[in-house]
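For reference, the structure discussed in these notes is given below.
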Number of protein chains: 2
Amino acid sequence: MTDQLELNMNACLPLRDVVFRTLREGILKGELKPGERLMELQLASRLGVSRTPIREAIRMLELEGLAVTIPRRGAMVAKMTEKDMEDVLQIRRCLDDLAVRLSCEKMTQEQLKALYLALKKFEESTRSRDVKQIAQADVEFHDTIYKAADNPKLLTLLNNLREQMYRYRLEYLKDVSVYPELIAEHQEIYDGLARKDKEQVIRITNKHIMNQAIVVKNIIREQE
Amino acid sequence: MTDQLELNMNACLPLRDVVFRTLREGILKGELKPGERLMELQLASRLGVSRTPIREAIRMLELEGLAVTIPRRGAMVAKMTEKDMEDVLQIRRCLDDLAVRLSCEKMTQEQLKALYLALKKFEESTRSRDVKQIAQADVEFHDTIYKAADNPKLLTLLNNLREQMYRYRLEYLKDVSVYPELIAEHQEIYDGLARKDKEQVIRITNKHIMNQAIVVKNIIREQE
DNA sequence: AGATTGTATGATGTATACAAAATACAGGAG
DNA sequence: CTCCTGTATTTTGTATACATCATACAATCT
């Protein structure tokens with residue numbers, strides 16, 4: 001594997017957190033592939049730290065569902081089956097509905113403005129052809145909605161669930177032909193929130209998630 | 001504090017897992033109270049292990065939401081405000097609905113039988129006046145339902161959410177006068193599942209959770 | 001008296017050493 | 001040739017040492 005993992009040391013956080021973020025990002029971006037072993041000594045030397053922060057970061061990844069460890073045999077990047085993905089999706093749809101419903105009720109004018117900016121930024125990013133940037137803009141759009149729900153635990157959960165699909169979803173965003181639909185859906189979601197039309201927003205967000213689900217499941221089916 | 005924490009060493013699991021379970025149980029049973037500091041050296045000597053497994057266990061508690069750590073200042077048992085509890089409840093109700101709906105569709109005859117046993121066991125346990133036993137029987141009843149939903153990730157999430165309320169809920173179960181209503185509600189849930197009447201079951205489980213919520217919120221309000 | 005700083009103490013953060021278990025592989029028996 | 005077994009190597013599990021940072025308290029200065 002090429003050594004693309006690099007610690008972002010400018011933050012003065014404990015190393016375990018820096019390592020955690022680094023590994024998570026590596027997993028989400030596909031640099032660490034599902035099933036790949038996470039060996040402590042190897043990671044430690046690659047990241048230039050000792051085993052201790054690596055171990056603690058792995059414990060954290062484990063509870064996020066991004067890594068699986070077998071006692072005395074070490075950790076590996078979590079694999080997802082189609083069933084796993086469907087399970088995650090069921091939960092995500094359900095919590096997404098909740099978040100959207102809450103956001104419809106609670107979204108302030110400033111948040112709506114921020115959402116509009118995120119909408120435009122996403123539209124713009126699709127012209128860049130930079131998948132990572134597009135994914136980031138998409139995350140920000142949805143995050144703005146989730147944040148308006150004013151429930152930090154829900155935000156954390158949704159981010160976590162999204163993460164678990166994220167690394168399978170990058171392929172989806174490589175397909176340029178889907179951009180117009182994505183943009184249109186974002187627009188509809190924005191309109192619905194502006195009008196506080198819960199049912200409309202829920203309908204579109206569900207469609208939005210299900211579209212991704214189909215593609216992600218295809219990707220998983222291929223790799224099996 | 002009296003030293004009630006004791007490692008259950010018969011399991012041949014890594015110490016971090018044993019410590020994790022021990023600490024979690026301690027928190028849920030109220031031996032470790034919200035706000036209490038989790039000092040590594042102290043815990044290490046109390047449990048007779050070194051700091052390493054303690055630290056890893058704390059990282060795990062942290063992501064379960066049962067502990068909060070401030071860098072360079074250490075960890076403490078998580079406190080919950082009323083808002084936190086409401087946030088958790090919103091999520092729990094939503095996922096509980098999903099679980100119940102799925103269970104209605106998927107529950108097999110054997111699982112229904114198991115549920116009936118759990119129902120009777122709960123009824124019986126209320127006569128024991130042993131709060132821990134009652135709580136355990138209640139957990140098993142709901143777990144049987146959640147398991148029938150056939151979505152392991154949902155099961156994990158719901159267990160985690162329940163845990164976060166659990167330690168505030170023991171008080172609720174000390175009040176003998178609520179047992180008849182609890183038993184009646186369990187019976188209604190069972191009946192609904194047997195008839196596959198989704199709406200009925202959802203209605204009752206929501207009521208069931210909301211009843212607890214009221215009490216838990218009162219407990220939190222008192223302690224603040 | 002109040003504020004500030006210096007020092008002692010104790011806690012966490014990180015690295016490393018050693019033990020125990022798992023794995024890989026080679027060599028020999030059947 | 002296949003299977004088994006013993007050994008070497010690798011990897012994880014745990015303990016511990018040392019560095020760093022936070023806190024408390026006392027002494028000093030204003």
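Order determines the names: the first chain of the structure tokens is A, the second B, and so forth; residues in each chain are numbered 1 upward, and ligands are numbered 1 upward as they are shown.
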
Interface rows for stretch 72-156 of chain A against stretch 85-102 of chain B: nearest pair, Å to one decimal, 7 Å, only C-alpha atoms, as CSV:
residue,atom,partner,partner_atom,distance
A:Cys94,CA,B:Cys94,CA,7.0
A:Asn151,CA,B:Asp87,CA,5.7
A:Lys153,CA,B:Asp87,CA,6.7
A:Leu154,CA,B:Ile91,CA,6.8

Using only C-alpha atoms (C1' of nucleotides), what table do you get, as a tab-separated table, when you list each residue of chain C with an atom no more than 8 Å from chain A, its nearest pair of atoms, and their distance in Å rounded to one decimal, rows by chain then rising number?
residue	atom	partner	partner_atom	distance
C:DG13	C1'	A:Pro14	CA	7.3
C:DT14	C1'	A:Thr52	CA	7.0
C:DA15	C1'	A:Ser50	CA	5.9
C:DA21	C1'	A:Arg72	CA	6.7
C:DA22	C1'	A:Arg73	CA	7.0

Selection above as a file: N, CA and C atoms (P, O5', C5', C4', C3', O3' and C1' of nucleotides), as a compact mmCIF listing (two decimals), in the first residue's frame:
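again-v7.txt written:
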# COMPACT_ATOMS: atom_id res chain seq x y z
P DG C 13 -4.92 11.67 28.94
O5' DG C 13 -3.39 11.76 28.55
C5' DG C 13 -2.86 12.99 28.06
C4' DG C 13 -1.55 12.74 27.32
C3' DG C 13 -1.65 11.70 26.20
O3' DG C 13 -0.88 12.17 25.08
C1' DG C 13 -0.04 11.01 27.81
P DT C 14 -0.85 11.35 23.74
O5' DT C 14 0.47 10.49 23.90
C5' DT C 14 1.71 11.17 24.05
C4' DT C 14 2.81 10.18 24.32
C3' DT C 14 2.91 9.03 23.31
O3' DT C 14 4.09 9.22 22.58
C1' DT C 14 3.22 8.29 25.56
P DA C 15 4.56 8.19 21.46
O5' DA C 15 5.61 7.31 22.27
C5' DA C 15 6.62 7.95 23.01
C4' DA C 15 7.46 6.93 23.77
C3' DA C 15 7.93 5.74 22.94
O3' DA C 15 9.32 5.56 23.13
C1' DA C 15 6.83 5.00 24.91
P DA C 21 -1.23 -17.94 27.00
O5' DA C 21 -1.96 -17.86 25.59
C5' DA C 21 -2.60 -16.64 25.22
C4' DA C 21 -2.38 -16.37 23.76
C3' DA C 21 -2.67 -17.55 22.84
O3' DA C 21 -3.81 -17.25 22.08
C1' DA C 21 -0.68 -16.37 22.21
P DA C 22 -4.39 -18.32 21.03
O5' DA C 22 -3.76 -17.82 19.67
C5' DA C 22 -4.12 -16.55 19.17
C4' DA C 22 -3.34 -16.26 17.92
C3' DA C 22 -3.58 -17.25 16.77
O3' DA C 22 -3.77 -16.51 15.59
C1' DA C 22 -1.26 -17.05 17.20

Interatomic distance, atom CA of B:Ile202 to atom CA of A:Lys196 (Å, one decimal):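 These atoms are spaced 26.2 Å apart.
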
Hey, which bits of chain D sit within 9 Å of chain B, and for each residue what's the closest pair of atoms and how far apart in Å (one decimal), counting only C-alpha atoms (C1' of nucleotides), rows by chain and increasing number, as a tab-separated table?
residue	atom	partner	partner_atom	distance
D:DG13	C1'	B:Pro14	CA	7.4
D:DT14	C1'	B:Thr52	CA	7.0
D:DA15	C1'	B:Ser50	CA	5.9
D:DT16	C1'	B:Ser50	CA	8.4
D:DC21	C1'	B:Arg72	CA	6.7
D:DA22	C1'	B:Arg73	CA	7.0
